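J.: PDB, C-alpha atoms, saved as entry-v5.pdb, coming up:
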```pdb
MODEL        1
ATOM      1  CA  MET A   1      95.447  83.996 159.277
ATOM      2  CA  PRO A   2      96.783  83.844 162.857
ATOM      3  CA  SER A   3      95.643  86.437 165.346
ATOM      4  CA  ALA A   4      97.487  88.023 168.220
ATOM      5  CA  PRO A   5      97.013  86.582 171.721
ATOM      6  CA  VAL A   6      94.004  87.956 173.534
ATOM      7  CA  PRO A   7      94.852  89.888 176.710
ATOM      8  CA  PRO A   8      93.728  88.028 179.827
ATOM      9  CA  SER A   9      90.942  90.151 181.247
ATOM     10  CA  ALA A  10      88.482  92.967 180.668
ATOM     11  CA  PRO A  11      87.181  95.575 183.111
ATOM     12  CA  PRO A  12      83.607  95.394 184.411
ATOM     13  CA  PRO A  13      80.864  97.510 182.799
ATOM     14  CA  GLN A  14      80.778 101.203 183.704
ATOM     15  CA  PRO A  15      77.082 102.144 184.138
ATOM     16  CA  SER A  16      77.860 105.743 185.147
ATOM     17  CA  HIS A  17      80.204 106.495 182.254
ATOM     18  CA  PRO A  18      79.879 110.168 181.148
ATOM     19  CA  VAL A  19      79.103 109.213 177.532
ATOM     20  CA  ARG A  20      76.155 107.137 178.696
ATOM     21  CA  GLY A  21      74.995 109.955 180.923
ATOM     22  CA  ARG A  22      74.991 112.423 178.050
ATOM     23  CA  LEU A  23      72.895 110.110 175.912
ATOM     24  CA  VAL A  24      70.436 109.490 178.753
ATOM     25  CA  ARG A  25      70.010 113.261 179.084
ATOM     26  CA  GLY A  26      69.166 113.447 175.395
ATOM     27  CA  GLU A  27      72.302 115.403 174.504
ATOM     28  CA  VAL A  28      73.330 115.176 170.855
ATOM     29  CA  LEU A  29      76.935 113.980 170.553
ATOM     30  CA  LEU A  30      79.027 115.244 167.649
ATOM     31  CA  LEU A  31      81.480 112.806 166.094
ATOM     32  CA  ASP A  32      84.479 114.174 164.245
ATOM     33  CA  GLY A  33      85.023 114.051 160.497
ATOM     34  CA  ALA A  34      87.059 111.585 158.484
ATOM     35  CA  MET A  35      90.736 110.842 159.070
ATOM     36  CA  GLY A  36      91.839 108.965 155.930
ATOM     37  CA  THR A  37      90.414 111.318 153.321
ATOM     38  CA  GLU A  38      91.503 114.375 155.327
ATOM     39  CA  LEU A  39      95.056 113.026 155.381
ATOM     40  CA  GLU A  40      94.867 112.644 151.599
ATOM     41  CA  ARG A  41      93.539 116.190 151.250
ATOM     42  CA  ARG A  42      96.551 117.419 153.228
ATOM     43  CA  GLY A  43      98.969 115.551 150.975
ATOM     44  CA  VAL A  44      99.716 112.603 153.287
ATOM     45  CA  MET A  45      99.889 109.248 151.518
ATOM     46  CA  THR A  46      97.405 106.613 152.712
ATOM     47  CA  PRO A  47      97.912 103.574 150.429
ATOM     48  CA  LEU A  48      96.216 100.261 151.048
ATOM     49  CA  PRO A  49      96.321  98.003 152.946
ATOM     50  CA  LEU A  50      97.318 100.189 155.929
ATOM     51  CA  TRP A  51      95.411 103.285 154.800
ATOM     52  CA  SER A  52      95.366 105.794 157.730
ATOM     53  CA  ALA A  53      97.674 103.512 159.752
ATOM     54  CA  HIS A  54     100.468 104.592 157.377
ATOM     55  CA  ALA A  55     100.195 108.075 158.826
ATOM     56  CA  VAL A  56     100.205 106.769 162.393
ATOM     57  CA  ARG A  57     103.596 105.231 161.555
ATOM     58  CA  ASP A  58     105.096 107.836 159.256
ATOM     59  CA  ALA A  59     103.208 111.121 159.765
ATOM     60  CA  PRO A  60     101.984 111.176 163.372
ATOM     61  CA  ASP A  61     102.090 114.975 163.505
ATOM     62  CA  ALA A  62      99.512 115.110 160.704
ATOM     63  CA  VAL A  63      97.228 112.693 162.533
ATOM     64  CA  ARG A  64      97.514 114.715 165.733
ATOM     65  CA  ALA A  65      96.871 117.958 163.858
ATOM     66  CA  ILE A  66      93.675 116.618 162.300
ATOM     67  CA  HIS A  67      92.394 115.433 165.676
ATOM     68  CA  GLU A  68      93.215 118.811 167.180
ATOM     69  CA  ALA A  69      91.459 120.657 164.361
ATOM     70  CA  GLU A  70      88.377 118.490 164.902
ATOM     71  CA  ALA A  71      88.376 119.199 168.630
ATOM     72  CA  ARG A  72      88.648 122.938 167.973
ATOM     73  CA  ALA A  73      85.826 122.652 165.423
ATOM     74  CA  GLY A  74      83.495 121.346 168.120
ATOM     75  CA  ALA A  75      83.683 117.541 168.021
ATOM     76  CA  ASP A  76      82.636 115.750 171.196
ATOM     77  CA  LEU A  77      84.209 112.464 170.076
ATOM     78  CA  LEU A  78      87.615 112.020 168.428
ATOM     79  CA  THR A  79      87.850 108.743 166.499
ATOM     80  CA  THR A  80      91.241 107.027 166.610
ATOM     81  CA  ALA A  81      93.097 106.184 163.401
ATOM     82  CA  THR A  82      92.826 102.471 164.192
ATOM     83  CA  PHE A  83      90.654 101.450 161.238
ATOM     84  CA  ARG A  84      93.470  99.212 159.967
ATOM     85  CA  THR A  85      95.782  98.655 162.948
ATOM     86  CA  THR A  86      95.096  94.914 163.211
ATOM     87  CA  PRO A  87      97.533  91.988 162.965
ATOM     88  CA  ARG A  88      95.692  90.825 159.843
ATOM     89  CA  THR A  89      96.450  94.091 158.068
ATOM     90  CA  MET A  90     100.031  94.223 159.358
ATOM     91  CA  LEU A  91     100.763  90.814 157.862
ATOM     92  CA  ARG A  92      99.175  91.809 154.569
ATOM     93  CA  ALA A  93     101.463  94.860 154.510
ATOM     94  CA  GLY A  94     104.530  92.707 155.125
ATOM     95  CA  LEU A  95     104.936  93.875 158.729
ATOM     96  CA  PRO A  96     105.115  91.802 161.934
ATOM     97  CA  ALA A  97     101.717  91.114 163.476
ATOM     98  CA  SER A  98     103.084  92.576 166.709
ATOM     99  CA  GLU A  99     103.171  96.015 165.047
ATOM    100  CA  ALA A 100      99.399  96.168 165.587
ATOM    101  CA  GLU A 101      99.878  96.701 169.309
ATOM    102  CA  ALA A 102     102.305  99.599 168.868
ATOM    103  CA  LEU A 103     100.285 101.351 166.163
ATOM    104  CA  THR A 104      97.004 100.994 168.062
ATOM    105  CA  ARG A 105      98.555 102.458 171.189
ATOM    106  CA  ARG A 106     100.205 105.271 169.235
ATOM    107  CA  ALA A 107      96.943 106.150 167.476
ATOM    108  CA  VAL A 108      95.108 106.423 170.796
ATOM    109  CA  THR A 109      97.929 108.511 172.252
ATOM    110  CA  LEU A 110      97.783 110.933 169.301
ATOM    111  CA  ALA A 111      94.061 111.509 169.827
ATOM    112  CA  GLY A 112      94.609 112.073 173.535
ATOM    113  CA  GLU A 113      97.426 114.536 172.902
ATOM    114  CA  ALA A 114      95.263 116.447 170.426
ATOM    115  CA  ARG A 115      92.448 116.656 172.971
ATOM    116  CA  ALA A 116      94.852 118.140 175.520
ATOM    117  CA  ASN A 117      96.386 120.524 172.984
ATOM    118  CA  ALA A 118      92.971 121.834 171.932
ATOM    119  CA  GLY A 119      92.326 123.061 175.479
ATOM    120  CA  SER A 120      88.651 123.570 174.725
ATOM    121  CA  GLY A 121      87.360 123.034 178.264
ATOM    122  CA  ARG A 122      84.641 120.809 176.808
ATOM    123  CA  ASP A 123      84.104 117.133 177.626
ATOM    124  CA  ILE A 124      85.816 115.543 174.615
ATOM    125  CA  ARG A 125      86.127 111.767 174.540
ATOM    126  CA  VAL A 126      88.316 109.414 172.492
ATOM    127  CA  ALA A 127      86.483 106.711 170.514
ATOM    128  CA  GLY A 128      88.465 103.663 169.476
ATOM    129  CA  ALA A 129      87.562 102.647 165.923
ATOM    130  CA  MET A 130      87.053  99.000 164.993
ATOM    131  CA  ALA A 131      86.298  98.131 161.355
ATOM    132  CA  PRO A 132      85.584  95.047 159.233
ATOM    133  CA  LEU A 133      88.649  92.846 159.194
ATOM    134  CA  GLU A 134      88.678  92.749 155.393
ATOM    135  CA  ASP A 135      87.266  95.167 152.817
ATOM    136  CA  CYS A 136      84.356  97.432 153.790
ATOM    137  CA  TYR A 137      82.725  96.897 150.384
ATOM    138  CA  ARG A 138      83.421  93.150 150.172
ATOM    139  CA  PRO A 139      81.411  91.404 152.899
ATOM    140  CA  ASP A 140      82.065  88.128 151.070
ATOM    141  CA  LEU A 141      85.711  88.351 152.195
ATOM    142  CA  ALA A 142      84.879  88.346 155.910
ATOM    143  CA  PRO A 143      86.615  85.589 157.890
ATOM    144  CA  PRO A 144      84.664  82.766 159.584
ATOM    145  CA  ARG A 145      82.805  83.862 162.697
ATOM    146  CA  ALA A 146      85.118  82.172 165.194
ATOM    147  CA  GLU A 147      88.133  83.785 163.553
ATOM    148  CA  ALA A 148      86.409  87.165 163.487
ATOM    149  CA  ALA A 149      85.441  86.856 167.138
ATOM    150  CA  ALA A 150      89.040  86.160 168.185
ATOM    151  CA  GLU A 151      90.527  88.995 166.137
ATOM    152  CA  HIS A 152      87.916  91.571 167.095
ATOM    153  CA  GLY A 153      88.248  90.482 170.716
ATOM    154  CA  ALA A 154      91.988  91.103 170.658
ATOM    155  CA  GLN A 155      91.607  94.484 168.970
ATOM    156  CA  ALA A 156      88.892  95.641 171.383
ATOM    157  CA  LEU A 157      91.110  94.857 174.334
ATOM    158  CA  ARG A 158      94.092  96.563 172.712
ATOM    159  CA  LEU A 159      91.970  99.712 172.384
ATOM    160  CA  ALA A 160      90.696  99.486 175.943
ATOM    161  CA  ASP A 161      94.205  98.916 177.291
ATOM    162  CA  ALA A 162      95.450 101.929 175.317
ATOM    163  CA  GLY A 163      92.909 104.102 177.124
ATOM    164  CA  VAL A 164      89.987 104.885 174.809
ATOM    165  CA  ASP A 165      86.796 106.188 176.416
ATOM    166  CA  LEU A 166      84.450 104.182 174.205
ATOM    167  CA  ILE A 167      84.596 101.842 171.225
ATOM    168  CA  LEU A 168      83.094 102.664 167.826
ATOM    169  CA  VAL A 169      82.427  99.508 165.807
ATOM    170  CA  GLU A 170      81.985 101.105 162.407
ATOM    171  CA  THR A 171      81.328 100.511 158.723
ATOM    172  CA  MET A 172      79.915  97.052 159.406
ATOM    173  CA  ASN A 173      78.734  95.585 156.111
ATOM    174  CA  ALA A 174      77.169  92.310 157.312
ATOM    175  CA  ILE A 175      75.234  91.150 160.354
ATOM    176  CA  ALA A 176      77.506  88.257 161.354
ATOM    177  CA  GLU A 177      80.693  90.289 161.673
ATOM    178  CA  ALA A 178      78.813  93.176 163.282
ATOM    179  CA  VAL A 179      77.582  90.827 165.999
ATOM    180  CA  GLU A 180      81.064  89.405 166.641
ATOM    181  CA  ALA A 181      82.686  92.835 166.746
ATOM    182  CA  THR A 182      79.989  94.289 168.991
ATOM    183  CA  GLN A 183      80.223  91.400 171.430
ATOM    184  CA  ALA A 184      83.999  91.823 171.533
ATOM    185  CA  ALA A 185      83.733  95.553 172.166
ATOM    186  CA  MET A 186      81.138  95.145 174.892
ATOM    187  CA  ALA A 187      83.342  92.650 176.723
ATOM    188  CA  THR A 188      85.642  95.582 177.589
ATOM    189  CA  GLY A 189      82.960  97.224 179.737
ATOM    190  CA  LEU A 190      83.305 100.493 177.819
ATOM    191  CA  PRO A 191      80.412 102.244 176.068
ATOM    192  CA  VAL A 192      79.965 100.833 172.564
ATOM    193  CA  PHE A 193      78.515 102.430 169.447
ATOM    194  CA  VAL A 194      77.975 100.163 166.436
ATOM    195  CA  SER A 195      77.531 101.580 162.945
ATOM    196  CA  PHE A 196      76.453  99.948 159.688
ATOM    197  CA  LEU A 197      77.488 100.586 156.095
ATOM    198  CA  ALA A 198      74.204 100.659 154.184
ATOM    199  CA  ARG A 199      73.939 100.252 150.416
ATOM    200  CA  ASP A 200      70.712 102.265 150.500
ATOM    201  CA  ALA A 201      68.141 103.316 153.098
ATOM    202  CA  HIS A 202      66.934  99.748 153.578
ATOM    203  CA  ALA A 203      69.809  97.266 153.279
ATOM    204  CA  LEU A 204      73.422  96.644 154.240
ATOM    205  CA  TRP A 205      76.151  96.251 151.661
ATOM    206  CA  ASP A 206      75.602  92.473 151.667
ATOM    207  CA  GLY A 207      71.865  92.914 151.020
ATOM    208  CA  ALA A 208      70.628  92.109 154.526
ATOM    209  CA  PRO A 209      67.762  94.370 155.701
ATOM    210  CA  LEU A 210      69.053  97.271 157.784
ATOM    211  CA  GLU A 211      66.293  96.748 160.335
ATOM    212  CA  ASP A 212      67.342  93.097 160.796
ATOM    213  CA  ALA A 213      70.912  94.235 161.386
ATOM    214  CA  VAL A 214      69.776  96.769 163.963
ATOM    215  CA  ARG A 215      67.713  94.150 165.798
ATOM    216  CA  ALA A 216      70.657  91.730 165.823
ATOM    217  CA  VAL A 217      72.993  94.138 167.601
ATOM    218  CA  ASP A 218      70.218  95.717 169.678
ATOM    219  CA  ALA A 219      69.910  92.375 171.467
ATOM    220  CA  LEU A 220      73.538  92.716 172.604
ATOM    221  CA  GLY A 221      72.954  96.049 174.377
ATOM    222  CA  PRO A 222      75.188  98.653 172.698
ATOM    223  CA  ASP A 223      74.857 102.274 173.749
ATOM    224  CA  ALA A 224      73.989 103.573 170.270
ATOM    225  CA  ILE A 225      73.338 102.178 166.788
ATOM    226  CA  LEU A 226      74.336 104.218 163.745
ATOM    227  CA  VAL A 227      74.853 104.249 159.988
ATOM    228  CA  ASN A 228      77.970 105.669 158.380
ATOM    229  CA  CYS A 229      79.650 106.308 155.041
ATOM    230  CA  VAL A 230      76.286 106.684 153.302
ATOM    231  CA  PRO A 231      75.049 109.714 151.323
ATOM    232  CA  ALA A 232      73.753 112.496 153.554
ATOM    233  CA  ALA A 233      70.464 112.474 151.653
ATOM    234  CA  ILE A 234      69.490 108.966 152.821
ATOM    235  CA  VAL A 235      70.408 109.224 156.505
ATOM    236  CA  ALA A 236      66.924 110.385 157.563
ATOM    237  CA  ASP A 237      65.304 107.401 155.825
ATOM    238  CA  CYS A 238      67.854 105.043 157.383
ATOM    239  CA  LEU A 239      67.037 106.449 160.807
ATOM    240  CA  ALA A 240      63.307 106.014 160.264
ATOM    241  CA  GLY A 241      63.781 102.294 159.713
ATOM    242  CA  MET A 242      66.269 101.976 162.554
ATOM    243  CA  ALA A 243      63.831 103.601 164.974
ATOM    244  CA  ARG A 244      61.338 100.839 164.181
ATOM    245  CA  ALA A 245      63.913  98.226 165.210
ATOM    246  CA  THR A 246      65.378  99.704 168.404
ATOM    247  CA  ARG A 247      64.712 102.105 171.232
ATOM    248  CA  ARG A 248      68.398 102.717 171.789
ATOM    249  CA  PRO A 249      69.995 106.000 170.735
ATOM    250  CA  ILE A 250      70.479 106.155 166.979
ATOM    251  CA  GLY A 251      72.431 108.372 164.625
ATOM    252  CA  GLY A 252      74.513 108.673 161.514
ATOM    253  CA  TYR A 253      77.668 110.135 160.035
ATOM    254  CA  PRO A 254      77.477 110.224 156.243
ATOM    255  CA  ASN A 255      80.104 110.803 153.597
ATOM    256  CA  VAL A 256      80.718 113.431 150.949
ATOM    257  CA  GLY A 257      81.554 111.849 147.605
ATOM    258  CA  ARG A 258      81.964 108.228 146.630
ATOM    259  CA  PRO A 259      84.563 105.441 146.689
ATOM    260  CA  ASP A 260      86.623 104.200 143.770
ATOM    261  CA  LEU A 261      86.320 100.503 144.599
ATOM    262  CA  GLU A 262      88.933  99.469 142.039
ATOM    263  CA  HIS A 263      91.752 101.688 143.301
ATOM    264  CA  GLY A 264      90.738 102.156 146.945
ATOM    265  CA  THR A 265      90.586 105.937 146.634
ATOM    266  CA  TRP A 266      87.888 108.515 147.350
ATOM    267  CA  SER A 267      86.269 111.042 145.044
ATOM    268  CA  ARG A 268      85.031 114.137 146.869
ATOM    269  CA  ASP A 269      81.765 115.900 146.062
ATOM    270  CA  ASP A 270      82.600 119.590 146.221
ATOM    271  CA  GLU A 271      78.976 120.559 145.586
ATOM    272  CA  LEU A 272      77.985 119.374 149.073
ATOM    273  CA  SER A 273      79.505 122.216 151.066
ATOM    274  CA  PRO A 274      79.835 122.061 154.854
ATOM    275  CA  GLU A 275      76.764 124.282 155.189
ATOM    276  CA  ARG A 276      74.649 122.169 152.834
ATOM    277  CA  PHE A 277      75.853 119.023 154.582
ATOM    278  CA  ALA A 278      74.894 120.452 157.969
ATOM    279  CA  ALA A 279      71.480 121.474 156.655
ATOM    280  CA  HIS A 280      70.659 117.770 156.378
ATOM    281  CA  ALA A 281      71.183 117.423 160.133
ATOM    282  CA  GLU A 282      67.783 118.957 160.882
ATOM    283  CA  SER A 283      66.086 115.932 159.320
ATOM    284  CA  TRP A 284      68.371 113.580 161.262
ATOM    285  CA  LEU A 285      67.421 115.219 164.534
ATOM    286  CA  ARG A 286      63.726 115.014 163.666
ATOM    287  CA  ARG A 287      64.196 111.264 163.186
ATOM    288  CA  GLY A 288      65.688 111.013 166.678
ATOM    289  CA  ALA A 289      69.430 111.106 166.019
ATOM    290  CA  LEU A 290      71.545 111.564 169.150
ATOM    291  CA  VAL A 291      74.924 110.915 167.489
ATOM    292  CA  VAL A 292      75.889 112.736 164.281
ATOM    293  CA  GLY A 293      79.103 113.496 162.425
ATOM    294  CA  GLY A 294      80.908 113.060 159.128
ATOM    295  CA  CYS A 295      82.609 110.183 157.344
ATOM    296  CA  CYS A 296      84.788 110.014 154.213
ATOM    297  CA  GLY A 297      85.254 113.325 152.432
ATOM    298  CA  THR A 298      84.401 115.464 155.462
ATOM    299  CA  GLY A 299      86.782 117.327 157.753
ATOM    300  CA  PRO A 300      86.953 120.067 160.375
ATOM    301  CA  ASP A 301      84.937 122.528 158.269
ATOM    302  CA  TYR A 302      82.061 120.049 158.180
ATOM    303  CA  THR A 303      82.337 119.425 161.913
ATOM    304  CA  ARG A 304      82.228 123.168 162.560
ATOM    305  CA  ALA A 305      79.111 123.545 160.394
ATOM    306  CA  LEU A 306      77.413 120.649 162.166
ATOM    307  CA  ARG A 307      78.273 122.118 165.571
ATOM    308  CA  ALA A 308      76.564 125.372 164.577
ATOM    309  CA  ALA A 309      73.493 123.473 163.372
ATOM    310  CA  LEU A 310      73.040 121.347 166.507
ATOM    311  CA  PRO A 311      71.185 122.315 169.687
ATOM    312  CA  PRO A 312      73.410 123.952 172.315
ATOM    313  CA  VAL A 313      75.124 121.563 174.721
ATOM    314  CA  LEU A 314      73.256 121.182 177.994
ATOM    315  CA  VAL A 315      75.110 122.471 181.053
ATOM    316  CA  GLU A 316      74.288 120.929 184.407
TER     317      GLU A 316
ENDMDL
END
```
Let me see the structure of the file written as structure tokens.

T.:
Amino acid sequence: MPSAPVPPSAPPPQPSHPVRGRLVRGEVLLLDGAMGTELERRGVMTPLPLWSAHAVRDAPDAVRAIHEAEARAGADLLTTATFRTTPRTMLRAGLPASEAEALTRRAVTLAGEARANAGSGRDIRVAGAMAPLEDCYRPDLAPPRAEAAAEHGAQALRLADAGVDLILVETMNAIAEAVEATQAAMATGLPVFVSFLARDAHALWDGAPLEDAVRAVDALGPDAILVNCVPAAIVADCLAGMARATRRPIGGYPNVGRPDLEHGTWSRDDELSPERFAAHAESWLRRGALVVGGCCGTGPDYTRALRAALPPVLVE
């Protein structure tokens, strides 16, 4: 599948970036909750293949409102609704590949507007999301590495050009694509977090050992390595293995519920309340987590509960 032209240049690395400084100081950064499942909870349609990108096109006020609610709930990082704003997905949806540029830019703008509207006075940053090019739960569908490198490279530069503060390479289900996406993100010079989708506490969705995956991206020099969209109960065990494979900041943002892989929908677990979810965070912190948050099934209430459970933010 053809990819969009890659923009000509990338900015140099930014060693004094505030996000890096906060991690160096040992400050725990709080990611926001999920976008796609929160849109569904609010009655906004998110059908495949565009998923949350549908709302960027057709319900931007809802996207902005969710970002703003997350900022008010205490999130340090607002994740853009760019999980599926790639040319590959546009073509699959019957749209021009060029629509990827407009939707990516609009998604970043919505997060920035929400940050301004929240008026919290805190240092809130916008994280540009980059996801597997195909299905999160089907690593066998991933494109060849050269193709993945070109497409991730173009998307990383679209995010950087749109003005994100850092790039979150997330839900990576296989080592090869994680490496290509991380390299592409790091070429922008922005801080980069990379997060893996683990089948259990020891392996990725494709069966590769989680520790091997961590070592593979650790060699590239990202600013943090995480796991996401896993059950809250296994995050501590994931972190224990990750800490054996890297000395970089680690963390996790688990889900609440489970996916319906046949229909592409999400089933929430109402038994895991925001308070019970946040109670797990103590074990994550003991394992060394410096980045925590929520994935599918979570929302502002979960972010608020996590904020209350975390150590107070350091003030210089």

J.: Which polymer residues have any atom within 10 Å of an atom of Ala185 (chain A), counting all atoms listed in the file, with same-chain residues fewer than 5 positions away left out, as a VMD selection string?

T.: chain A and resid 128 130 152 to 157 159 to 160 166 to 169 179 to 180 190 to 194 222

J.: Here is a test: counting all atoms listed in the file, which residue of A:Arg276, A:Arg25, A:Arg258, A:Arg247 is nearest to Gly288 (chain A)?

T.: A:Arg247

J.: Can you translate the PyMOL selection byres ((chain A and resi 61-69) around 8) into the concrete residues it hits in this file, as a list in words?

T.: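 That selection, the PyMOL selection byres ((chain A and resi 61-69) around 8), comes back as Met35, Glu38, Leu39, Val44, Ala55, Val56, Ala59, Pro60, Glu70, Ala71, Arg72, Ala73, Leu78, Ala81, Leu110, Ala111, Glu113, Ala114, Arg115, Asn117, Ala118 and Pro300 of chain A.
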
J.: Determine the nearest neighbour of Asp58 (chain A) from the options A:Thr37, A:Thr182, A:Thr46, A:Thr298, counting only C-alpha atoms.

T.: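 Going through A:Thr37, A:Thr182, A:Thr46, A:Thr298 one by one, the smallest distance to Asp58 (chain A) is for A:Thr46.
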
J.: I need the residue nearest Leu91 (chain A) from this list: A:Ala75, A:Ala116, A:Leu50, A:Leu210. Use all atoms listed in the file for the distance.

T.: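 Of A:Ala75, A:Ala116, A:Leu50, A:Leu210, the one nearest Leu91 (chain A), counting all atoms listed in the file, is A:Leu50.
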
J.: Any chance you could resolve the PyMOL selection byres ((chain A and resi 126) around 8) against this file and give the residues as a VMD selection string?

T.: chain A and resid 77 to 80 108 111 to 112 124 to 125 127 to 128 164 to 166

J.: Measuring between all atoms listed in the file, which one of A:Gly119, A:Ala208, A:Phe277, A:Met186 shows the shortest distance to Asp301 (chain A)?

T.: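 With all atoms listed in the file as the atom set, the closest residue is A:Phe277.
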
J.: Using the chain letters and numbers from the file, give me the residues hit by the PyMOL selection byres ((chain A and resi 137) around 9), as a PDB file with C-alpha atoms, in the frame of the given file.

T.:
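Wrote it out as out_26.pdb, contents follow:
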```
ATOM      1  CA  GLU A 134      88.678  92.749 155.393  1.00  0.00           C
ATOM      2  CA  ASP A 135      87.266  95.167 152.817  1.00  0.00           C
ATOM      3  CA  CYS A 136      84.356  97.432 153.790  1.00  0.00           C
ATOM      4  CA  ARG A 138      83.421  93.150 150.172  1.00  0.00           C
ATOM      5  CA  PRO A 139      81.411  91.404 152.899  1.00  0.00           C
ATOM      6  CA  ASP A 140      82.065  88.128 151.070  1.00  0.00           C
ATOM      7  CA  ASN A 173      78.734  95.585 156.111  1.00  0.00           C
ATOM      8  CA  LEU A 197      77.488 100.586 156.095  1.00  0.00           C
ATOM      9  CA  TRP A 205      76.151  96.251 151.661  1.00  0.00           C
ATOM     10  CA  ASP A 206      75.602  92.473 151.667  1.00  0.00           C
ATOM     11  CA  LEU A 261      86.320 100.503 144.599  1.00  0.00           C
TER      12      LEU A 261
END
```

J.: Which residues are close to region 234-236 of chain A, i.e. within 10 Å by all atoms listed in the file, leaving aside same-chain residues fewer than 5 positions away? Reply as a PDB file with C-alpha atoms, in the coordinates of the input.

T.:
```pdb
ATOM      1  CA  ALA A 198      74.204 100.659 154.184  1.00  0.00           C
ATOM      2  CA  ASP A 200      70.712 102.265 150.500  1.00  0.00           C
ATOM      3  CA  ALA A 201      68.141 103.316 153.098  1.00  0.00           C
ATOM      4  CA  HIS A 202      66.934  99.748 153.578  1.00  0.00           C
ATOM      5  CA  LEU A 226      74.336 104.218 163.745  1.00  0.00           C
ATOM      6  CA  VAL A 227      74.853 104.249 159.988  1.00  0.00           C
ATOM      7  CA  ASN A 228      77.970 105.669 158.380  1.00  0.00           C
ATOM      8  CA  CYS A 229      79.650 106.308 155.041  1.00  0.00           C
ATOM      9  CA  GLY A 241      63.781 102.294 159.713  1.00  0.00           C
ATOM     10  CA  MET A 242      66.269 101.976 162.554  1.00  0.00           C
ATOM     11  CA  GLY A 251      72.431 108.372 164.625  1.00  0.00           C
ATOM     12  CA  GLY A 252      74.513 108.673 161.514  1.00  0.00           C
ATOM     13  CA  TYR A 253      77.668 110.135 160.035  1.00  0.00           C
ATOM     14  CA  PRO A 254      77.477 110.224 156.243  1.00  0.00           C
ATOM     15  CA  HIS A 280      70.659 117.770 156.378  1.00  0.00           C
ATOM     16  CA  ALA A 281      71.183 117.423 160.133  1.00  0.00           C
ATOM     17  CA  GLU A 282      67.783 118.957 160.882  1.00  0.00           C
ATOM     18  CA  SER A 283      66.086 115.932 159.320  1.00  0.00           C
ATOM     19  CA  TRP A 284      68.371 113.580 161.262  1.00  0.00           C
ATOM     20  CA  LEU A 285      67.421 115.219 164.534  1.00  0.00           C
ATOM     21  CA  ARG A 286      63.726 115.014 163.666  1.00  0.00           C
ATOM     22  CA  ARG A 287      64.196 111.264 163.186  1.00  0.00           C
ATOM     23  CA  GLY A 288      65.688 111.013 166.678  1.00  0.00           C
ATOM     24  CA  ALA A 289      69.430 111.106 166.019  1.00  0.00           C
TER      25      ALA A 289
END
```

J.: Could you give me region 107-116 of chain A completed to N, CA, C and O atoms, formatted as a PDB file, in the coordinates of the input?

T.:
```
ATOM      1  N   ALA A 107      98.109 105.445 168.001  1.00  0.00           N
ATOM      2  CA  ALA A 107      96.943 106.150 167.476  1.00  0.00           C
ATOM      3  C   ALA A 107      96.084 106.718 168.601  1.00  0.00           C
ATOM      4  O   ALA A 107      95.589 107.854 168.518  1.00  0.00           O
ATOM      5  N   VAL A 108      95.888 105.943 169.653  1.00  0.00           N
ATOM      6  CA  VAL A 108      95.108 106.423 170.796  1.00  0.00           C
ATOM      7  C   VAL A 108      95.833 107.576 171.484  1.00  0.00           C
ATOM      8  O   VAL A 108      95.221 108.579 171.872  1.00  0.00           O
ATOM      9  N   THR A 109      97.138 107.446 171.627  1.00  0.00           N
ATOM     10  CA  THR A 109      97.929 108.511 172.252  1.00  0.00           C
ATOM     11  C   THR A 109      97.819 109.814 171.462  1.00  0.00           C
ATOM     12  O   THR A 109      97.682 110.903 172.041  1.00  0.00           O
ATOM     13  N   LEU A 110      97.868 109.732 170.133  1.00  0.00           N
ATOM     14  CA  LEU A 110      97.783 110.933 169.301  1.00  0.00           C
ATOM     15  C   LEU A 110      96.453 111.648 169.503  1.00  0.00           C
ATOM     16  O   LEU A 110      96.399 112.885 169.587  1.00  0.00           O
ATOM     17  N   ALA A 111      95.369 110.894 169.594  1.00  0.00           N
ATOM     18  CA  ALA A 111      94.061 111.509 169.827  1.00  0.00           C
ATOM     19  C   ALA A 111      94.014 112.168 171.201  1.00  0.00           C
ATOM     20  O   ALA A 111      93.481 113.273 171.357  1.00  0.00           O
ATOM     21  N   GLY A 112      94.586 111.496 172.198  1.00  0.00           N
ATOM     22  CA  GLY A 112      94.609 112.073 173.535  1.00  0.00           C
ATOM     23  C   GLY A 112      95.447 113.333 173.614  1.00  0.00           C
ATOM     24  O   GLY A 112      95.070 114.312 174.284  1.00  0.00           O
ATOM     25  N   GLU A 113      96.585 113.339 172.925  1.00  0.00           N
ATOM     26  CA  GLU A 113      97.426 114.536 172.902  1.00  0.00           C
ATOM     27  C   GLU A 113      96.708 115.696 172.223  1.00  0.00           C
ATOM     28  O   GLU A 113      96.787 116.853 172.667  1.00  0.00           O
ATOM     29  N   ALA A 114      96.002 115.399 171.135  1.00  0.00           N
ATOM     30  CA  ALA A 114      95.263 116.447 170.426  1.00  0.00           C
ATOM     31  C   ALA A 114      94.172 117.033 171.305  1.00  0.00           C
ATOM     32  O   ALA A 114      93.954 118.248 171.319  1.00  0.00           O
ATOM     33  N   ARG A 115      93.492 116.177 172.044  1.00  0.00           N
ATOM     34  CA  ARG A 115      92.448 116.656 172.971  1.00  0.00           C
ATOM     35  C   ARG A 115      93.059 117.623 173.985  1.00  0.00           C
ATOM     36  O   ARG A 115      92.491 118.691 174.253  1.00  0.00           O
ATOM     37  N   ALA A 116      94.202 117.269 174.533  1.00  0.00           N
ATOM     38  CA  ALA A 116      94.852 118.140 175.520  1.00  0.00           C
ATOM     39  C   ALA A 116      95.328 119.440 174.874  1.00  0.00           C
ATOM     40  O   ALA A 116      95.173 120.529 175.445  1.00  0.00           O
TER      41      ALA A 116
END
```
